[in-house]
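Asks: I'm passing along entry-v9.cif; it holds mmCIF, C-alpha atoms (C1' of nucleotides).
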data_my_file
loop_
_atom_site.label_atom_id
_atom_site.label_comp_id
_atom_site.auth_asym_id
_atom_site.auth_seq_id
_atom_site.Cartn_x
_atom_site.Cartn_y
_atom_site.Cartn_z
CA MET I 438 0.00 0.00 0.00
CA ALA I 439 2.19 2.80 1.26
CA ASP I 440 5.40 0.84 0.66
CA ARG I 441 7.31 2.34 3.55
CA SER I 442 10.78 1.58 4.86
CA SER I 443 11.07 -0.58 7.93
CA LYS I 444 12.32 2.46 9.87
CA ALA I 445 9.21 4.37 8.90
CA GLU I 446 7.11 1.47 10.17
CA GLU I 447 9.04 1.49 13.44
CA ILE I 448 8.31 5.19 13.77
CA LEU I 449 4.63 4.59 13.13
CA ASP I 450 4.57 1.74 15.67
CA THR I 451 6.06 3.95 18.35
CA ALA I 452 3.96 7.01 17.57
CA GLU I 453 0.79 4.91 17.51
CA ALA I 454 1.52 3.32 20.87
CA MET I 455 2.18 6.70 22.45
CA ALA I 456 -0.85 8.37 20.88
CA ARG I 457 -3.13 5.56 21.99
CA GLU I 458 -2.04 6.20 25.56
CA SER I 459 -2.02 9.97 25.75
CA GLY I 460 -3.29 11.52 22.55
CA PHE I 461 -1.90 13.55 19.68
CA SER I 462 0.01 15.90 21.99
CA GLY I 463 1.21 12.89 23.93
CA PHE I 464 4.17 12.14 21.70
CA SER I 465 7.01 14.20 20.26
CA PHE I 466 9.55 13.72 17.52
CA ARG I 467 12.30 13.51 20.13
CA GLU I 468 10.57 10.79 22.14
CA ILE I 469 9.93 8.75 19.03
CA ALA I 470 13.53 9.23 17.88
CA THR I 471 14.92 7.99 21.18
CA ALA I 472 12.60 4.99 21.18
CA VAL I 473 13.64 3.85 17.69
CA GLY I 474 17.31 4.73 18.17
CA ILE I 475 17.77 7.67 15.81
CA LYS I 476 17.72 11.50 16.07
CA SER I 477 14.63 13.66 15.76
CA ALA I 478 15.87 15.19 12.50
CA SER I 479 15.85 11.70 11.02
CA VAL I 480 12.21 11.25 12.00
CA HIS I 481 11.47 14.40 10.03
CA TYR I 482 13.14 12.80 7.03
CA HIS I 483 10.47 10.06 7.03
CA PHE I 484 7.56 12.32 8.02
CA PRO I 485 8.31 16.01 7.33
CA THR I 486 5.67 17.43 9.67
CA LYS I 487 3.60 16.16 12.56
CA ASP I 488 0.54 16.50 10.35
CA ASP I 489 2.08 14.07 7.87
CA LEU I 490 2.91 11.64 10.65
CA GLY I 491 -0.59 11.91 12.10
CA VAL I 492 -2.25 11.24 8.77
CA ALA I 493 -0.02 8.24 8.10
CA MET I 494 -0.75 6.85 11.56
CA VAL I 495 -4.52 7.04 11.11
CA GLN I 496 -4.42 5.68 7.57
CA ARG I 497 -2.34 2.68 8.57
CA TYR I 498 -4.50 2.05 11.66
CA THR I 499 -7.71 2.23 9.64
CA ASP I 500 -6.41 0.00 6.85
CA ARG I 501 -5.26 -2.63 9.33
CA PHE I 502 -8.46 -2.47 11.33
CA MET I 503 -10.73 -2.88 8.32
CA ALA I 504 -8.53 -5.66 6.95
CA THR I 505 -8.90 -7.72 10.14
CA LEU I 506 -12.67 -7.34 9.93
CA GLY I 507 -12.96 -8.97 6.52
CA GLU I 508 -16.13 -8.59 4.50
CA PRO I 509 -19.38 -8.19 6.48
CA ASP I 510 -21.32 -10.15 3.86
CA ASP I 511 -18.88 -13.00 3.36
CA PRO I 512 -21.22 -16.03 3.04
CA ALA I 513 -18.55 -18.23 4.67
CA ARG I 514 -19.25 -16.45 7.95
CA THR I 515 -22.61 -16.32 9.70
CA PRO I 516 -23.89 -12.87 10.72
CA ASP I 517 -23.50 -13.89 14.37
CA ARG I 518 -19.92 -14.88 13.81
CA ALA I 519 -19.16 -11.68 11.90
CA PHE I 520 -20.58 -9.61 14.72
CA ARG I 521 -18.50 -11.48 17.29
CA ASP I 522 -15.43 -10.85 15.17
CA TYR I 523 -16.28 -7.16 15.12
CA VAL I 524 -16.46 -7.00 18.92
CA ALA I 525 -13.25 -9.03 19.11
CA ALA I 526 -11.41 -6.39 17.07
CA PHE I 527 -12.12 -3.86 19.81
CA ALA I 528 -11.51 -6.38 22.59
CA LYS I 529 -8.00 -6.89 21.24
CA ALA I 530 -7.19 -3.24 21.93
CA ALA I 531 -8.45 -3.50 25.50
CA VAL I 532 -7.09 -6.90 26.48
CA GLU I 533 -3.96 -7.56 24.42
CA GLU I 534 -2.72 -4.08 23.65
CA ARG I 535 -4.25 -2.38 26.69
CA LYS I 536 -4.61 0.80 24.73
CA MET I 537 -7.32 3.09 23.45
CA CYS I 538 -8.48 2.83 19.84
CA LEU I 539 -6.32 5.35 17.96
CA CYS I 540 -9.33 6.84 16.23
CA GLY I 541 -11.38 6.84 19.41
CA MET I 542 -8.65 8.90 21.04
CA PHE I 543 -8.36 11.26 18.07
CA GLY I 544 -12.13 11.45 17.76
CA ALA I 545 -12.46 12.75 21.32
CA GLU I 546 -9.83 15.46 20.82
CA ILE I 547 -10.64 16.13 17.17
CA LEU I 548 -11.11 19.87 17.69
CA GLY I 549 -7.44 20.10 18.66
CA LEU I 550 -6.14 18.14 15.68
CA PRO I 551 -4.73 19.33 12.33
CA LEU I 552 -7.57 19.30 9.80
CA THR I 553 -5.92 16.61 7.69
CA VAL I 554 -5.72 14.25 10.67
CA ALA I 555 -9.28 15.08 11.73
CA SER I 556 -10.59 14.26 8.27
CA GLU I 557 -8.77 10.94 8.19
CA THR I 558 -10.13 10.11 11.64
CA ARG I 559 -13.72 10.60 10.51
CA ARG I 560 -13.05 8.23 7.65
CA PHE I 561 -12.40 5.45 10.16
CA PHE I 562 -15.87 5.89 11.61
CA ASP I 563 -17.47 6.20 8.18
CA LEU I 564 -15.98 2.86 7.15
CA ASN I 565 -17.07 1.22 10.40
CA ARG I 566 -20.64 2.48 10.00
CA GLN I 567 -20.78 1.21 6.42
CA TRP I 568 -19.44 -2.19 7.45
CA LEU I 569 -22.01 -2.49 10.23
CA LYS I 570 -24.88 -1.42 7.98
CA VAL I 571 -24.14 -4.26 5.59
CA LEU I 572 -24.00 -6.69 8.49
CA LEU I 573 -27.21 -5.38 10.07
CA ALA I 574 -28.98 -5.90 6.75
CA ARG I 575 -28.10 -9.59 7.04
CA PHE I 576 -29.87 -9.59 10.39
CA GLY I 577 -33.01 -8.43 8.62
CA ILE I 578 -32.68 -4.80 9.65
CA ASP I 579 -33.53 -3.11 6.36
CA ASP I 580 -34.60 0.39 7.36
CA ALA I 581 -31.70 2.76 6.68
CA GLU I 582 -32.38 4.94 9.71
CA ASP I 583 -32.59 1.86 11.90
CA GLN I 584 -29.28 0.60 10.54
CA ASP I 585 -27.71 3.98 11.15
CA GLY I 586 -28.85 4.22 14.76
CA LYS I 587 -27.79 0.70 15.60
CA ALA I 588 -24.41 1.16 13.95
CA PHE I 589 -23.82 4.33 15.96
CA ALA I 590 -24.92 2.59 19.15
CA ILE I 591 -22.58 -0.34 18.63
CA ILE I 592 -19.56 1.82 17.85
CA ALA I 593 -20.34 4.14 20.76
CA THR I 594 -20.56 1.29 23.23
CA LEU I 595 -17.32 -0.32 22.07
CA GLU I 596 -15.35 2.94 22.01
CA GLY I 597 -16.80 3.85 25.39
CA ALA I 598 -15.89 0.44 26.77
CA LEU I 599 -12.31 1.01 25.64
CA LEU I 600 -12.35 4.43 27.28
CA LEU I 601 -13.43 2.87 30.59
CA SER I 602 -10.75 0.20 30.30
CA GLN I 603 -8.16 2.96 29.96
CA ALA I 604 -9.60 5.00 32.81
CA TYR I 605 -9.45 2.02 35.16
CA ASP I 606 -6.37 0.45 33.57
CA ASP I 607 -8.41 -2.74 33.64
CA PRO I 608 -9.38 -4.84 30.59
CA THR I 609 -12.25 -6.45 32.49
CA ALA I 610 -14.00 -3.08 32.39
CA PHE I 611 -14.32 -3.60 28.64
CA GLU I 612 -15.65 -7.10 29.09
CA ARG I 613 -18.14 -6.09 31.76
CA ALA I 614 -19.41 -3.18 29.68
CA VAL I 615 -19.94 -5.39 26.64
CA ALA I 616 -21.44 -8.26 28.64
CA GLY I 617 -23.95 -5.88 30.23
CA LEU I 618 -25.25 -4.81 26.86
CA GLY I 619 -28.56 -6.25 25.66
CA ILE I 620 -27.87 -5.78 21.98
CA LEU I 621 -24.94 -8.12 22.20
CA ASN I 622 -26.41 -10.66 24.57
CA GLN I 623 -29.41 -11.37 22.39
CA ARG I 624 -27.16 -13.62 20.38
CA ASP I 625 -25.19 -15.12 23.20
CA ASP I 626 -26.40 -18.63 22.31
CA SER I 627 -25.00 -18.67 18.80
CA ARG I 628 -21.38 -19.31 19.58
CA MET R 1372 -17.38 23.85 48.88
CA ALA R 1373 -14.10 25.13 47.52
CA ASP R 1374 -15.02 28.78 48.13
CA ARG R 1375 -13.02 30.16 45.24
CA SER R 1376 -12.71 33.69 43.94
CA SER R 1377 -14.68 34.62 40.84
CA LYS R 1378 -11.42 34.90 38.90
CA ALA R 1379 -10.52 31.35 39.88
CA GLU R 1380 -13.92 30.23 38.61
CA GLU R 1381 -13.31 32.06 35.34
CA ILE R 1382 -10.01 30.25 35.00
CA LEU R 1383 -11.70 26.91 35.64
CA ASP R 1384 -14.43 27.72 33.11
CA THR R 1385 -11.86 28.47 30.42
CA ALA R 1386 -9.58 25.54 31.20
CA GLU R 1387 -12.54 23.15 31.27
CA ALA R 1388 -13.83 24.33 27.91
CA MET R 1389 -10.42 23.93 26.33
CA ALA R 1390 -9.73 20.53 27.90
CA ARG R 1391 -13.11 19.22 26.79
CA GLU R 1392 -12.16 20.07 23.22
CA SER R 1393 -8.56 18.93 23.02
CA GLY R 1394 -7.48 17.25 26.25
CA PHE R 1395 -5.12 17.97 29.11
CA SER R 1396 -2.30 19.06 26.79
CA GLY R 1397 -4.81 21.12 24.86
CA PHE R 1398 -4.63 24.17 27.10
CA SER R 1399 -1.79 26.25 28.54
CA PHE R 1400 -1.48 28.84 31.27
CA ARG R 1401 -0.84 31.51 28.67
CA GLU R 1402 -3.94 30.68 26.63
CA ILE R 1403 -6.09 30.70 29.74
CA ALA R 1404 -4.57 33.98 30.88
CA THR R 1405 -5.30 35.66 27.57
CA ALA R 1406 -8.88 34.38 27.57
CA VAL R 1407 -9.66 35.72 31.05
CA GLY R 1408 -7.70 38.95 30.58
CA ILE R 1409 -4.76 38.50 32.94
CA LYS R 1410 -1.15 37.30 32.70
CA SER R 1411 -0.01 33.71 33.02
CA ALA R 1412 1.82 34.45 36.28
CA SER R 1413 -1.54 35.46 37.76
CA VAL R 1414 -3.04 32.14 36.78
CA HIS R 1415 -0.25 30.47 38.73
CA TYR R 1416 -1.28 32.54 41.75
CA HIS R 1417 -4.70 30.83 41.74
CA PHE R 1418 -3.42 27.38 40.75
CA PRO R 1419 0.31 26.97 41.45
CA THR R 1420 0.87 24.01 39.12
CA LYS R 1421 -0.97 22.43 36.23
CA ASP R 1422 -1.57 19.41 38.44
CA ASP R 1423 -3.42 21.62 40.91
CA LEU R 1424 -5.48 23.14 38.14
CA GLY R 1425 -6.29 19.73 36.68
CA VAL R 1426 -7.43 18.34 40.02
CA ALA R 1427 -9.62 21.38 40.68
CA MET R 1428 -11.16 21.10 37.21
CA VAL R 1429 -12.12 17.46 37.66
CA GLN R 1430 -13.39 17.96 41.21
CA ARG R 1431 -15.62 20.85 40.21
CA TYR R 1432 -16.87 18.99 37.13
CA THR R 1433 -17.66 15.87 39.15
CA ASP R 1434 -19.40 17.78 41.93
CA ARG R 1435 -21.57 19.68 39.46
CA PHE R 1436 -22.39 16.57 37.46
CA MET R 1437 -23.45 14.53 40.48
CA ALA R 1438 -25.43 17.48 41.84
CA THR R 1439 -27.52 17.76 38.66
CA LEU R 1440 -28.29 14.03 38.86
CA GLY R 1441 -29.93 14.26 42.27
CA GLU R 1442 -30.53 11.12 44.30
CA PRO R 1443 -31.12 7.91 42.32
CA ASP R 1444 -33.60 6.64 44.93
CA ASP R 1445 -35.56 9.83 45.45
CA PRO R 1446 -39.15 8.53 45.77
CA ALA R 1447 -40.45 11.73 44.15
CA ARG R 1448 -38.95 10.52 40.87
CA THR R 1449 -39.84 7.29 39.09
CA PRO R 1450 -36.96 5.04 38.08
CA ASP R 1451 -37.81 5.71 34.44
CA ARG R 1452 -37.66 9.43 34.98
CA ALA R 1453 -34.39 9.16 36.91
CA PHE R 1454 -32.85 7.19 34.06
CA ARG R 1455 -34.00 9.75 31.51
CA ASP R 1456 -32.46 12.48 33.62
CA TYR R 1457 -29.20 10.54 33.66
CA VAL R 1458 -29.11 10.32 29.88
CA ALA R 1459 -30.07 14.00 29.68
CA ALA R 1460 -27.00 14.95 31.72
CA PHE R 1461 -24.80 13.51 28.96
CA ALA R 1462 -27.03 14.84 26.19
CA LYS R 1463 -26.46 18.34 27.54
CA ALA R 1464 -22.72 18.01 26.86
CA ALA R 1465 -23.36 16.88 23.28
CA VAL R 1466 -26.19 19.21 22.30
CA GLU R 1467 -25.87 22.40 24.37
CA GLU R 1468 -22.17 22.53 25.13
CA ARG R 1469 -21.03 20.56 22.10
CA LYS R 1470 -18.08 19.23 24.05
CA MET R 1471 -16.72 15.97 25.33
CA CYS R 1472 -17.34 14.94 28.94
CA LEU R 1473 -14.28 16.24 30.82
CA CYS R 1474 -13.76 12.91 32.56
CA GLY R 1475 -14.39 10.95 29.38
CA MET R 1476 -11.61 12.95 27.74
CA PHE R 1477 -9.27 12.51 30.71
CA GLY R 1478 -10.22 8.86 31.03
CA ALA R 1479 -9.09 8.15 27.47
CA GLU R 1480 -5.71 9.83 27.96
CA ILE R 1481 -5.33 8.85 31.62
CA LEU R 1482 -1.89 7.27 31.10
CA GLY R 1483 -0.56 10.68 30.14
CA LEU R 1484 -2.03 12.54 33.12
CA PRO R 1485 -0.48 13.51 36.45
CA LEU R 1486 -1.35 10.83 39.00
CA THR R 1487 -3.42 13.21 41.10
CA VAL R 1488 -5.61 14.13 38.11
CA ALA R 1489 -5.89 10.49 37.06
CA SER R 1490 -7.07 9.48 40.51
CA GLU R 1491 -9.68 12.22 40.60
CA THR R 1492 -10.89 11.19 37.14
CA ARG R 1493 -11.51 7.61 38.28
CA ARG R 1494 -13.57 8.96 41.15
CA PHE R 1495 -16.02 10.42 38.62
CA PHE R 1496 -16.65 6.98 37.17
CA ASP R 1497 -16.84 5.36 40.61
CA LEU R 1498 -19.57 7.79 41.65
CA ASN R 1499 -21.45 7.25 38.39
CA ARG R 1500 -21.34 3.48 38.79
CA GLN R 1501 -22.59 3.72 42.36
CA TRP R 1502 -25.43 6.03 41.34
CA LEU R 1503 -26.51 3.67 38.57
CA LYS R 1504 -26.35 0.61 40.81
CA VAL R 1505 -28.84 2.17 43.21
CA LEU R 1506 -31.10 3.04 40.30
CA LEU R 1507 -30.83 -0.41 38.73
CA ALA R 1508 -31.86 -1.95 42.06
CA ARG R 1509 -35.10 0.02 41.76
CA PHE R 1510 -35.64 -1.67 38.41
CA GLY R 1511 -35.48 -5.02 40.19
CA ILE R 1512 -31.93 -5.80 39.15
CA ASP R 1513 -30.56 -7.12 42.44
CA ASP R 1514 -27.56 -9.21 41.43
CA ALA R 1515 -24.44 -7.17 42.11
CA GLU R 1516 -22.56 -8.47 39.08
CA ASP R 1517 -25.55 -7.73 36.89
CA GLN R 1518 -25.75 -4.19 38.24
CA ASP R 1519 -22.05 -3.72 37.63
CA GLY R 1520 -22.17 -4.90 34.03
CA LYS R 1521 -25.21 -2.81 33.19
CA ALA R 1522 -23.74 0.27 34.85
CA PHE R 1523 -20.55 -0.13 32.83
CA ALA R 1524 -22.54 -0.67 29.63
CA ILE R 1525 -24.63 2.47 30.17
CA ILE R 1526 -21.65 4.69 30.95
CA ALA R 1527 -19.68 3.24 28.04
CA THR R 1528 -22.48 3.90 25.56
CA LEU R 1529 -23.02 7.47 26.72
CA GLU R 1530 -19.32 8.35 26.78
CA GLY R 1531 -18.88 6.69 23.40
CA ALA R 1532 -21.86 8.60 22.02
CA LEU R 1533 -20.22 11.85 23.15
CA LEU R 1534 -16.99 10.77 21.50
CA LEU R 1535 -18.79 10.21 18.20
CA SER R 1536 -20.54 13.57 18.48
CA GLN R 1537 -17.13 15.19 18.83
CA ALA R 1538 -15.62 13.21 15.97
CA TYR R 1539 -18.43 14.25 13.63
CA ASP R 1540 -18.98 17.67 15.21
CA ASP R 1541 -22.63 16.70 15.14
CA PRO R 1542 -24.93 16.42 18.19
CA THR R 1543 -27.33 14.17 16.29
CA ALA R 1544 -24.64 11.47 16.40
CA PHE R 1545 -25.23 11.33 20.15
CA GLU R 1546 -28.97 11.11 19.69
CA ARG R 1547 -28.76 8.44 17.02
CA ALA R 1548 -26.37 6.34 19.11
CA VAL R 1549 -28.65 6.52 22.14
CA ALA R 1550 -31.83 5.95 20.14
CA GLY R 1551 -30.33 2.85 18.56
CA LEU R 1552 -29.71 1.29 21.92
CA GLY R 1553 -32.09 -1.41 23.10
CA ILE R 1554 -31.47 -0.90 26.79
CA LEU R 1555 -32.81 2.62 26.55
CA ASN R 1556 -35.67 1.99 24.21
CA GLN R 1557 -37.25 -0.62 26.40
CA ARG R 1558 -38.69 2.25 28.41
CA ASP R 1559 -39.53 4.58 25.59
CA ASP R 1560 -43.23 4.52 26.50
CA SER R 1561 -42.83 5.88 30.00
CA ARG R 1562 -42.31 9.52 29.21
"C1'" DG Z 695 19.26 7.91 5.76
"C1'" DT Z 696 21.29 9.78 9.51
"C1'" DC Z 697 23.84 13.12 11.65
"C1'" DT Z 698 25.15 17.96 14.07
"C1'" DA Z 699 23.74 22.31 14.83
"C1'" DT Z 700 20.52 25.57 15.34
"C1'" DA Z 701 16.42 28.51 14.93
"C1'" DA Z 702 11.89 30.14 16.53
"C1'" DT Z 703 8.27 29.34 19.56
"C1'" DT Z 704 5.83 27.61 23.45
"C1'" DT Z 705 5.56 25.68 27.90
"C1'" DG Z 706 5.29 25.36 33.09
"C1'" DA Z 707 7.09 27.81 36.63
"C1'" DT Z 708 9.47 31.43 39.90
"C1'" DA Z 709 11.19 36.02 41.97
"C1'" DG Z 710 10.05 40.18 43.36
"C1'" DA Z 711 7.82 44.94 42.67
"C1'" DC Z 712 3.39 47.28 43.24
"C1'" DG O 370 -4.12 39.82 43.05
"C1'" DT O 371 -1.74 41.22 39.30
"C1'" DC O 372 2.18 42.68 37.13
"C1'" DT O 373 7.15 42.56 34.66
"C1'" DA O 374 10.89 39.97 33.89
"C1'" DT O 375 12.99 35.93 33.43
"C1'" DC O 376 14.26 30.98 33.27
"C1'" DA O 377 15.09 26.22 31.85
"C1'" DA O 378 13.23 22.89 29.20
"C1'" DA O 379 10.74 21.09 25.40
"C1'" DT O 380 8.63 21.51 20.89
"C1'" DT O 381 8.34 21.52 15.71
"C1'" DA O 382 11.14 22.29 12.10
"C1'" DT O 383 15.18 23.41 8.79
"C1'" DA O 384 20.08 23.68 6.72
"C1'" DG O 385 23.74 21.36 5.39
"C1'" DA O 386 27.63 17.85 6.13
"C1'" DC O 387 28.60 12.90 5.69
#
Please re-express this file's structure in structure tokens.

Replies:
Amino acid sequence: MADRSSKAEEILDTAEAMARESGFSGFSFREIATAVGIKSASVHYHFPTKDDLGVAMVQRYTDRFMATLGEPDDPARTPDRAFRDYVAAFAKAAVEERKMCLCGMFGAEILGLPLTVASETRRFFDLNRQWLKVLLARFGIDDAEDQDGKAFAIIATLEGALLLSQAYDDPTAFERAVAGLGILNQRDDSR
Amino acid sequence: MADRSSKAEEILDTAEAMARESGFSGFSFREIATAVGIKSASVHYHFPTKDDLGVAMVQRYTDRFMATLGEPDDPARTPDRAFRDYVAAFAKAAVEERKMCLCGMFGAEILGLPLTVASETRRFFDLNRQWLKVLLARFGIDDAEDQDGKAFAIIATLEGALLLSQAYDDPTAFERAVAGLGILNQRDDSR
DNA sequence: GTCTATAATTTGATAGAC
DNA sequence: GTCTATCAAATTATAGAC
């Protein structure tokens, strides 16, 4: 896709990890440089400005996230299974990575972001909504407004569950929040 | 409570507004000073360090928020009504103020906060969970684990709905997320 | 690609006069 | 309470050598 050098990927790894813990202002070129073993001027060689770095971070995060989801209407996967996979994508952030969703973090502080990064952040949510709409149609939810509301509700709950996991530094907060949700439990028997 | 001067309140107003848009690193003593018409050294007179300011911001926000909620077991208010009031407290942030919840913002970036501010932020969520548990008991939900899960799910959805409203700069995102949620619609007839 | 060196700006914070 | 003056550190970013 972007065909980046391995050093550029290392930079993105580090910047993403830092941003998912403390936001866009939560990392600096110097910190990243130290972490990957180069100087800050060399980071600027790969990503001239912080805007550029921010955009690349969100694009890579979004591409990876959507790729792990697969297609919502893949006939090889039941709707129930696809929905569980969707929840699992967020659970991974809470349990394995113990970090916020990058776009959830940027979404909250979007008014303080460069416009290019803000725009790319909204794209993440647009793609998620579209993916969920296709899936909800397979559940027999055909009304567009209904699909829209349910998609928003699902994303909100999962992003909020991640937020609580961060606040408490406790992955079980994510699990408890999701387990306590009716929408998800309706299909608890389908595993 | 804190018995602060009106200038200190002005400072807190400004800092809160800025933090709810772009986080803890999203405001500086100089910006605040300019906004309230004094110099940054004078801001330090009221709040010696940024830690102090952050703690005061969260304490005041939490106190105000819990005060508007009232008592969850006030017999003068039906459980349905109390729950609607709870949702309305978050809706106010999305629709009237068009800002993130201060503690939702700080919760997401909690790993980048001073420990004192982080601790105060968790208190906000502790108080919210306790309030909801008392309310859920009135709905006949007596199992403690059940109460806990549902409380987490409700807070997660509302904080996540605020996050989406910020990301899209659109209060209707909050409303759509909440409307699409089964847990809330079950009692749609009780208004 | 990475470095040294450096510029311009911003940040949190303090000392001391009024 | 507010000011001027100042500080040390950090930030994003650039120029130019290797």

Asks: With only C-alpha atoms (C1' of nucleotides) considered, list every residue of chain R at most 8 Å from chain O, as a PyMOL selection string.

Replies: chain R and resi 1409-1410+1413+1416

Asks: Tell me, counting only C-alpha atoms (C1' of nucleotides), for each residue of chain Z within 12 Å of chain R, which pair of atoms is nearest and how far apart they are in Å to one decimal, in rows ordered by chain and increasing number, as a tab-separated table.

Replies:
residue	atom	partner	partner_atom	distance
Z:DT704	C1'	R:Ser1399	CA	9.3
Z:DT705	C1'	R:Ser1399	CA	7.4
Z:DG706	C1'	R:Lys1421	CA	7.6
Z:DA707	C1'	R:Thr1420	CA	7.7
Z:DT708	C1'	R:Ala1412	CA	9.0
Z:DA709	C1'	R:Ala1412	CA	11.1

Asks: Grab the residues selected above and save them as a PDB file, keeping the file's coordinate frame with C-alpha atoms (C1' of nucleotides).

Replies:
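This went into part-v6.pdb:
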ATOM      1  C1'  DT Z 704       5.830  27.610  23.450  1.00  0.00           C
ATOM      2  C1'  DT Z 705       5.560  25.680  27.900  1.00  0.00           C
ATOM      3  C1'  DG Z 706       5.290  25.360  33.090  1.00  0.00           C
ATOM      4  C1'  DA Z 707       7.090  27.810  36.630  1.00  0.00           C
ATOM      5  C1'  DT Z 708       9.470  31.430  39.900  1.00  0.00           C
ATOM      6  C1'  DA Z 709      11.190  36.020  41.970  1.00  0.00           C
TER       7       DA Z 709
END

Asks: Return as a list in words the residues belonging to chain R that are within 6 Å of chain I, counting all atoms listed in the file.

Replies: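 Taking all atoms listed in the file into account, Glu1392, Ser1393, Gly1478, Ala1479, Glu1480, Ile1481, Leu1482, Gly1483, Gly1520, Lys1521, Phe1523, Ala1524, Ala1527, Thr1528, Glu1530, Gly1531, Ala1532, Leu1534, Gln1537, Ala1538, Arg1547, Ala1548, Gly1551 and Leu1552 of chain R sit within 6 Å of chain I.
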
Asks: Take atom CA of Arg1375 of chain R and atom CA of Arg1431 of chain R and report the distance between them in Å, one decimal.

Replies: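 We find that atom CA of Arg1375 of chain R and atom CA of Arg1431 of chain R lie 10.9 Å from each other.
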
Asks: Rounded to one decimal, what separation in Å do you get between atom CA of Lys1463 of chain R and atom CA of Leu539 of chain I?

Replies: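 Between these atoms lies a distance of 25.8 Å.
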
Asks: Would you write out, as a ChimeraX atom specification, every residue that the PyMOL selection byres ((chain I and resi 508) around 12) captures in this file?

Replies: /I:502-507,509-516,518-520,522-523,564-565,567-572

Asks: Any idea what the distance is between atom CA of Leu573 of chain I and atom CA of Arg560 of chain I?

Replies: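 So the two atoms, atom CA of Leu573 of chain I and atom CA of Arg560 of chain I, lie 19.8 Å apart.
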
Asks: Here is a test: counting only C-alpha atoms (C1' of nucleotides), which residue of I:Leu490, I:Ala472, I:Val480, I:Ile578 is nearest to DT696 of chain Z?

Replies: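 Of I:Leu490, I:Ala472, I:Val480, I:Ile578, the one nearest DT696 of chain Z is I:Val480, counting only C-alpha atoms (C1' of nucleotides).
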
Asks: Set the distance at 8 Å and use all atoms listed in the file: which residues neighbour Ile448 of chain I once local chain neighbours fewer than 6 positions away are removed? I'd like the list as a PyMOL selection string.

Replies: chain I and resi 469-470+473+480

Asks: Please, could you write that set of residues out with C-alpha atoms as an mmCIF file, keeping the file's coordinate frame?

Replies:
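Once everything was written out, this is selection_22.cif:
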data_model
loop_
_atom_site.group_PDB
_atom_site.id
_atom_site.type_symbol
_atom_site.label_atom_id
_atom_site.label_comp_id
_atom_site.auth_asym_id
_atom_site.auth_seq_id
_atom_site.Cartn_x
_atom_site.Cartn_y
_atom_site.Cartn_z
ATOM 1 C CA ILE I 469 9.930 8.750 19.030
ATOM 2 C CA ALA I 470 13.530 9.230 17.880
ATOM 3 C CA VAL I 473 13.640 3.850 17.690
ATOM 4 C CA VAL I 480 12.210 11.250 12.000
#
